[in-house]
>>> print(open('my_file_35.tsv').read())   # TSV, C-alpha atoms
chain	number	residue	atom	x	y	z
X	1	MET	CA	82.16	-94.27	-24.75
X	2	LYS	CA	85.23	-94.27	-26.93
X	3	SER	CA	86.48	-90.77	-27.70
X	4	SER	CA	90.04	-91.14	-28.92
X	5	LEU	CA	91.11	-90.83	-32.51
X	6	GLY	CA	93.28	-93.48	-34.02
X	7	LEU	CA	95.99	-93.15	-36.59
X	8	THR	CA	93.51	-94.31	-39.24
X	9	ASN	CA	91.21	-91.36	-38.51
X	10	ILE	CA	94.08	-88.87	-38.62
X	11	LEU	CA	95.21	-90.26	-41.96
X	12	GLN	CA	91.64	-90.10	-43.27
X	13	PHE	CA	91.45	-86.44	-42.25
X	14	ILE	CA	94.62	-85.63	-44.18
X	15	LEU	CA	93.54	-87.76	-47.16
X	16	PHE	CA	90.08	-86.21	-47.48
X	17	VAL	CA	91.39	-82.65	-47.18
X	18	ALA	CA	94.10	-83.39	-49.76
X	19	LEU	CA	91.56	-85.01	-52.13
X	20	GLN	CA	89.27	-82.00	-51.77
X	21	ILE	CA	91.95	-79.43	-52.45
X	22	LEU	CA	93.97	-81.23	-55.10
X	23	LEU	CA	91.32	-83.11	-57.06
X	24	MET	CA	87.74	-82.17	-56.26
X	25	ASP	CA	88.34	-78.43	-56.45
X	26	ASN	CA	88.74	-78.77	-60.22
X	27	LEU	CA	85.94	-81.30	-60.69
X	28	VAL	CA	82.66	-79.43	-61.29
X	29	LEU	CA	79.67	-80.72	-63.26
X	30	TYR	CA	78.32	-78.04	-65.61
X	31	GLY	CA	78.90	-75.27	-63.07
X	32	THR	CA	76.26	-76.69	-60.72
X	33	GLY	CA	77.59	-79.95	-59.28
X	34	PHE	CA	80.36	-79.62	-56.71
X	35	CYS	CA	81.89	-82.59	-54.91
X	36	TYR	CA	82.64	-81.83	-51.28
X	37	ILE	CA	84.35	-85.12	-50.48
X	38	TYR	CA	85.88	-83.77	-47.27
X	39	VAL	CA	82.60	-84.35	-45.40
X	40	ALA	CA	83.16	-88.10	-45.82
X	41	PHE	CA	85.61	-87.81	-42.93
X	42	LEU	CA	82.76	-86.80	-40.60
X	43	LEU	CA	80.38	-89.34	-42.08
X	44	PHE	CA	82.79	-92.26	-41.62
X	45	LEU	CA	83.78	-91.58	-37.99
X	46	PRO	CA	82.94	-94.25	-35.39
X	47	LEU	CA	79.36	-94.30	-34.16
X	48	GLY	CA	80.33	-93.91	-30.50
X	49	ILE	CA	82.54	-90.85	-30.88
X	50	ASN	CA	82.22	-88.21	-28.18
X	51	ARG	CA	79.88	-85.41	-29.30
X	52	LEU	CA	82.20	-82.60	-28.24
X	53	LEU	CA	85.06	-84.23	-30.11
X	54	LEU	CA	82.79	-84.61	-33.13
X	55	LEU	CA	81.89	-80.91	-33.05
X	56	PHE	CA	85.55	-79.95	-32.68
X	57	LEU	CA	86.51	-82.18	-35.62
X	58	GLY	CA	83.69	-80.68	-37.68
X	59	PHE	CA	84.99	-77.20	-36.96
X	60	LEU	CA	88.62	-78.18	-37.59
X	61	LEU	CA	87.74	-79.83	-40.89
X	62	GLY	CA	85.58	-76.95	-42.11
X	63	PHE	CA	88.08	-74.34	-40.93
X	64	THR	CA	90.88	-76.14	-42.79
X	65	ILE	CA	88.84	-76.11	-46.00
X	66	ASP	CA	87.89	-72.46	-45.45
X	67	VAL	CA	91.53	-71.45	-45.03
X	68	LEU	CA	92.53	-73.30	-48.19
X	69	TYR	CA	89.52	-72.09	-50.23
X	70	ASP	CA	89.39	-68.58	-48.67
X	71	THR	CA	85.64	-68.92	-48.02
X	72	MET	CA	85.33	-67.04	-44.72
X	73	GLY	CA	83.72	-69.70	-42.50
X	74	ILE	CA	81.12	-71.18	-44.83
X	75	HIS	CA	82.53	-74.70	-44.72
X	76	ALA	CA	83.25	-74.48	-40.98
X	77	ALA	CA	79.62	-73.56	-40.27
X	78	ALA	CA	78.25	-76.28	-42.56
X	79	SER	CA	80.61	-78.90	-41.12
X	80	VAL	CA	79.72	-78.02	-37.53
X	81	LEU	CA	76.03	-78.25	-38.47
X	82	LEU	CA	76.64	-81.70	-39.97
X	83	ALA	CA	78.59	-82.77	-36.86
X	84	PHE	CA	75.82	-81.45	-34.60
X	85	LEU	CA	73.04	-83.24	-36.50
X	86	ARG	CA	74.91	-86.53	-37.09
X	87	PRO	CA	74.06	-88.07	-33.65
X	88	HIS	CA	70.41	-87.07	-34.09
X	89	ILE	CA	70.22	-88.68	-37.54
X	90	LEU	CA	71.92	-91.79	-36.13
X	91	ASN	CA	69.27	-91.90	-33.38
X	92	LEU	CA	66.51	-91.66	-35.99
X	93	LEU	CA	68.04	-94.50	-37.99
X	94	THR	CA	68.89	-96.78	-35.05
X	95	PRO	CA	68.22	-100.41	-35.95
X	96	ARG	CA	66.08	-102.55	-33.65
X	97	ASP	CA	69.15	-104.18	-32.09
X	98	GLY	CA	70.97	-100.86	-31.69
X	99	TYR	CA	74.48	-99.99	-32.74
X	100	ASP	CA	77.79	-101.40	-31.64
X	101	ILE	CA	79.55	-98.17	-30.68
X	102	ASN	CA	82.91	-99.53	-31.85
X	103	ASP	CA	81.63	-99.76	-35.42
X	104	SER	CA	82.40	-97.11	-37.97
X	105	VAL	CA	79.87	-96.18	-40.60
X	106	ASN	CA	80.27	-98.85	-43.26
X	107	ILE	CA	77.95	-99.69	-46.13
X	108	HIS	CA	78.76	-103.40	-45.82
X	109	VAL	CA	78.02	-103.61	-42.09
X	110	MET	CA	75.08	-101.22	-41.87
X	111	GLY	CA	73.36	-102.16	-45.12
X	112	LYS	CA	72.81	-100.24	-48.32
X	113	GLY	CA	69.44	-98.72	-47.42
X	114	TRP	CA	70.62	-97.48	-44.03
X	115	PHE	CA	73.86	-96.09	-45.48
X	116	LEU	CA	72.13	-94.30	-48.36
X	117	THR	CA	69.55	-92.72	-46.06
X	118	TYR	CA	72.17	-91.62	-43.53
X	119	THR	CA	74.54	-90.26	-46.17
X	120	PHE	CA	72.05	-88.38	-48.32
X	121	ILE	CA	70.22	-86.75	-45.38
X	122	LEU	CA	73.47	-85.37	-43.95
X	123	LEU	CA	74.89	-84.41	-47.35
X	124	LEU	CA	71.68	-82.56	-48.25
X	125	ILE	CA	71.80	-80.59	-45.00
X	126	HIS	CA	75.51	-79.81	-45.38
X	127	HIS	CA	75.20	-78.72	-49.01
X	128	ALA	CA	72.11	-76.61	-48.30
X	129	ALA	CA	74.05	-74.81	-45.56
X	130	VAL	CA	77.05	-74.25	-47.84
X	131	PHE	CA	75.10	-72.89	-50.79
X	132	PHE	CA	72.66	-70.74	-48.81
X	133	LEU	CA	75.51	-69.27	-46.75
X	134	GLU	CA	77.40	-68.64	-49.96
X	135	LYS	CA	74.45	-66.79	-51.50
X	136	ILE	CA	73.08	-65.11	-48.32
X	137	SER	CA	69.81	-64.42	-50.10
X	138	PHE	CA	66.98	-66.16	-51.84
X	139	ASP	CA	67.80	-64.60	-55.21
X	140	ASP	CA	68.10	-67.32	-57.81
X	141	LEU	CA	66.44	-69.75	-55.39
X	142	PHE	CA	65.85	-72.39	-58.06
X	143	TYR	CA	69.47	-72.28	-59.22
X	144	THR	CA	70.63	-72.63	-55.59
X	145	LEU	CA	68.27	-75.58	-55.08
X	146	LEU	CA	69.58	-77.15	-58.29
X	147	LYS	CA	73.16	-76.74	-57.03
X	148	ILE	CA	72.19	-78.36	-53.72
X	149	VAL	CA	70.53	-81.38	-55.34
X	150	VAL	CA	73.16	-81.97	-58.04
X	151	SER	CA	76.05	-81.50	-55.60
X	152	THR	CA	74.42	-83.82	-53.04
X	153	LEU	CA	74.00	-86.52	-55.68
X	154	PHE	CA	77.54	-86.00	-57.01
X	155	THR	CA	79.13	-86.13	-53.55
X	156	GLY	CA	76.91	-89.05	-52.54
X	157	VAL	CA	77.96	-91.13	-55.53
X	158	VAL	CA	81.64	-90.45	-54.81
X	159	VAL	CA	81.14	-91.36	-51.12
X	160	ILE	CA	79.46	-94.64	-52.11
X	161	ILE	CA	82.31	-95.45	-54.51
X	162	LEU	CA	84.84	-94.77	-51.73
X	163	GLN	CA	82.93	-97.04	-49.37
X	164	LEU	CA	82.74	-99.87	-51.89
X	165	LEU	CA	86.41	-99.60	-52.87
X	166	PHE	CA	88.19	-98.96	-49.60
X	167	PHE	CA	86.09	-100.21	-46.68
X	168	SER	CA	86.09	-103.82	-45.61
X	169	PRO	CA	82.90	-105.84	-45.93
X	170	LYS	CA	83.65	-107.47	-42.56
X	171	ARG	CA	83.19	-106.04	-39.10
X	172	THR	CA	86.36	-104.81	-37.53
X	173	SER	CA	87.68	-106.94	-34.71
X	174	ARG	CA	86.71	-105.77	-31.25
X	175	ILE	CA	88.98	-105.62	-28.25
>>> encode(input="my_file_35.tsv", output="structure tokens")
Amino acid sequence: MKSSLGLTNILQFILFVALQILLMDNLVLYGTGFCYIYVAFLLFLPLGINRLLLLFLGFLLGFTIDVLYDTMGIHAAASVLLAFLRPHILNLLTPRDGYDINDSVNIHVMGKGWFLTYTFILLLIHHAAVFFLEKISFDDLFYTLLKIVVSTLFTGVVVIILQLLFFSPKRTSRI
């Protein structure tokens, strides 16, 4: 199983953190829709990535966002949860022929239905963790649920746009 990170993945990490801090921090829909684009880094990692490395990257990504947002571990916890559940969701969505572990998650290779299901399940879980940890109570439950749904849709649309604009419709060459 391939466990190393390439230069592309390191650049994606830096790019998604920078996009989150510089652009998405100021982009809020009516006080309820937040775009947490940084999770796209975890969503787009190769399918065969080592699980321990995935958990470490989830923590590192969330911790970086927490330090820059001063949110005391909320994003780290939600990102580790996403990283923990990602292999399980991939197992649930495994196509009949299985995955090629060298593939990255790509809407063109995996198909629109598969990609939408995968993305929105994990985004919903991540956003629920973020907003419930932020609130730490069930006061204003309906408002919290509204924030979860609107933010999941907002982030999901941005993730789909990123996939369509920047990811190749062809499979990457295999060595």
>>> residues_around(input="my_file_35.tsv", residues="range 78-86 of chain X", least_positions_apart="4", cutoff="9 Å", atoms="only C-alpha atoms", output="MDAnalysis selection string")
chainID X and resid 39 42:43 51 54:63 73:74 90:91 118 122:123 125:130 133
>>> closest_residue(input="my_file_35.tsv", among="X:Ala40, X:Leu47, X:Ile65, X:Leu145", to="Thr119 in chain X", atoms="all atoms listed in the file")
X:Ala40
>>> axis_aligned_box(input="my_file_35.tsv", around="range 68-84 of chain X", padding_each_side="3 Å", output="JSON")
{"center_x": 84.2, "center_y": -74.9, "center_z": -42.4, "size_x": 22.7, "size_y": 21.7, "size_z": 21.6}
>>> closest_residue(input="my_file_35.tsv", among="X:Ile37, X:Ile89, X:Val67, X:Ile49", to="Gln20 in chain X", atoms="all atoms listed in the file")
X:Ile37
>>> closest_residue(input="my_file_35.tsv", among="X:Val109, X:Leu52, X:Met24, X:Leu124", to="Val158 in chain X", atoms="all atoms listed in the file")
X:Met24
>>> atom_distance(input="my_file_35.tsv", atom1="CA of Thr8 in chain X", atom2="CA of Phe166 in chain X")
12.5 Å
>>> atom_distance(input="my_file_35.tsv", atom1="CA of Leu146 in chain X", atom2="CA of Leu29 in chain X")
11.8 Å
>>> residues_around(input="my_file_35.tsv", residues="Thr32 in chain X", least_positions_apart="3", cutoff="12 Å", atoms="only C-alpha atoms", output="list in words")
Leu27, Val28, Leu29, Cys35, His127, Phe131, Phe142, Tyr143, Thr144, Leu145, Leu146, Lys147, Ile148, Val149, Val150, Ser151, Thr152, Leu153 and Phe154 of chain X
>>> atom_distance(input="my_file_35.tsv", atom1="CA of Asp66 in chain X", atom2="CA of Leu165 in chain X")
28.2 Å
>>> closest_residue(input="my_file_35.tsv", among="X:Phe34, X:Trp114, X:Tyr69, X:Phe132", to="Val17 in chain X", atoms="all atoms listed in the file")
X:Tyr69
>>> decode(input="my_file_35.tsv", residues="range 103-114 of chain X", atoms="N, CA, C and O atoms", output="compact mmCIF listing (two decimals), in the first residue's frame")
# COMPACT_ATOMS: atom_id res chain seq x y z
N ASP X 103 -5.28 5.49 -7.54
CA ASP X 103 -6.17 6.59 -7.93
C ASP X 103 -6.40 7.55 -6.76
O ASP X 103 -6.46 7.14 -5.61
N SER X 104 -6.54 8.81 -7.10
CA SER X 104 -7.03 9.79 -6.14
C SER X 104 -8.52 9.94 -6.36
O SER X 104 -9.05 9.51 -7.39
N VAL X 105 -9.19 10.54 -5.42
CA VAL X 105 -10.62 10.78 -5.59
C VAL X 105 -10.78 11.84 -6.68
O VAL X 105 -10.25 12.94 -6.58
N ASN X 106 -11.51 11.47 -7.72
CA ASN X 106 -11.67 12.34 -8.88
C ASN X 106 -13.06 12.13 -9.45
O ASN X 106 -13.46 11.00 -9.73
N ILE X 107 -13.79 13.21 -9.63
CA ILE X 107 -15.17 13.12 -10.11
C ILE X 107 -15.24 12.52 -11.52
O ILE X 107 -16.18 11.83 -11.85
N HIS X 108 -14.21 12.75 -12.32
CA HIS X 108 -14.20 12.25 -13.69
C HIS X 108 -13.94 10.75 -13.74
O HIS X 108 -14.50 10.05 -14.58
N VAL X 109 -13.10 10.24 -12.85
CA VAL X 109 -12.74 8.83 -12.84
C VAL X 109 -13.80 8.01 -12.09
O VAL X 109 -14.21 6.96 -12.54
N MET X 110 -14.24 8.51 -10.96
CA MET X 110 -15.15 7.77 -10.10
C MET X 110 -16.62 7.89 -10.50
O MET X 110 -17.43 7.07 -10.11
N GLY X 111 -16.95 8.93 -11.21
CA GLY X 111 -18.34 9.15 -11.60
C GLY X 111 -19.01 10.17 -10.69
O GLY X 111 -18.64 10.33 -9.53
N LYS X 112 -19.98 10.86 -11.25
CA LYS X 112 -20.63 11.94 -10.51
C LYS X 112 -21.42 11.44 -9.30
O LYS X 112 -21.35 12.02 -8.23
N GLY X 113 -22.18 10.37 -9.47
CA GLY X 113 -22.99 9.85 -8.37
C GLY X 113 -22.13 9.39 -7.20
O GLY X 113 -22.41 9.70 -6.04
N TRP X 114 -21.07 8.64 -7.51
CA TRP X 114 -20.17 8.16 -6.47
C TRP X 114 -19.53 9.33 -5.76
O TRP X 114 -19.49 9.36 -4.53
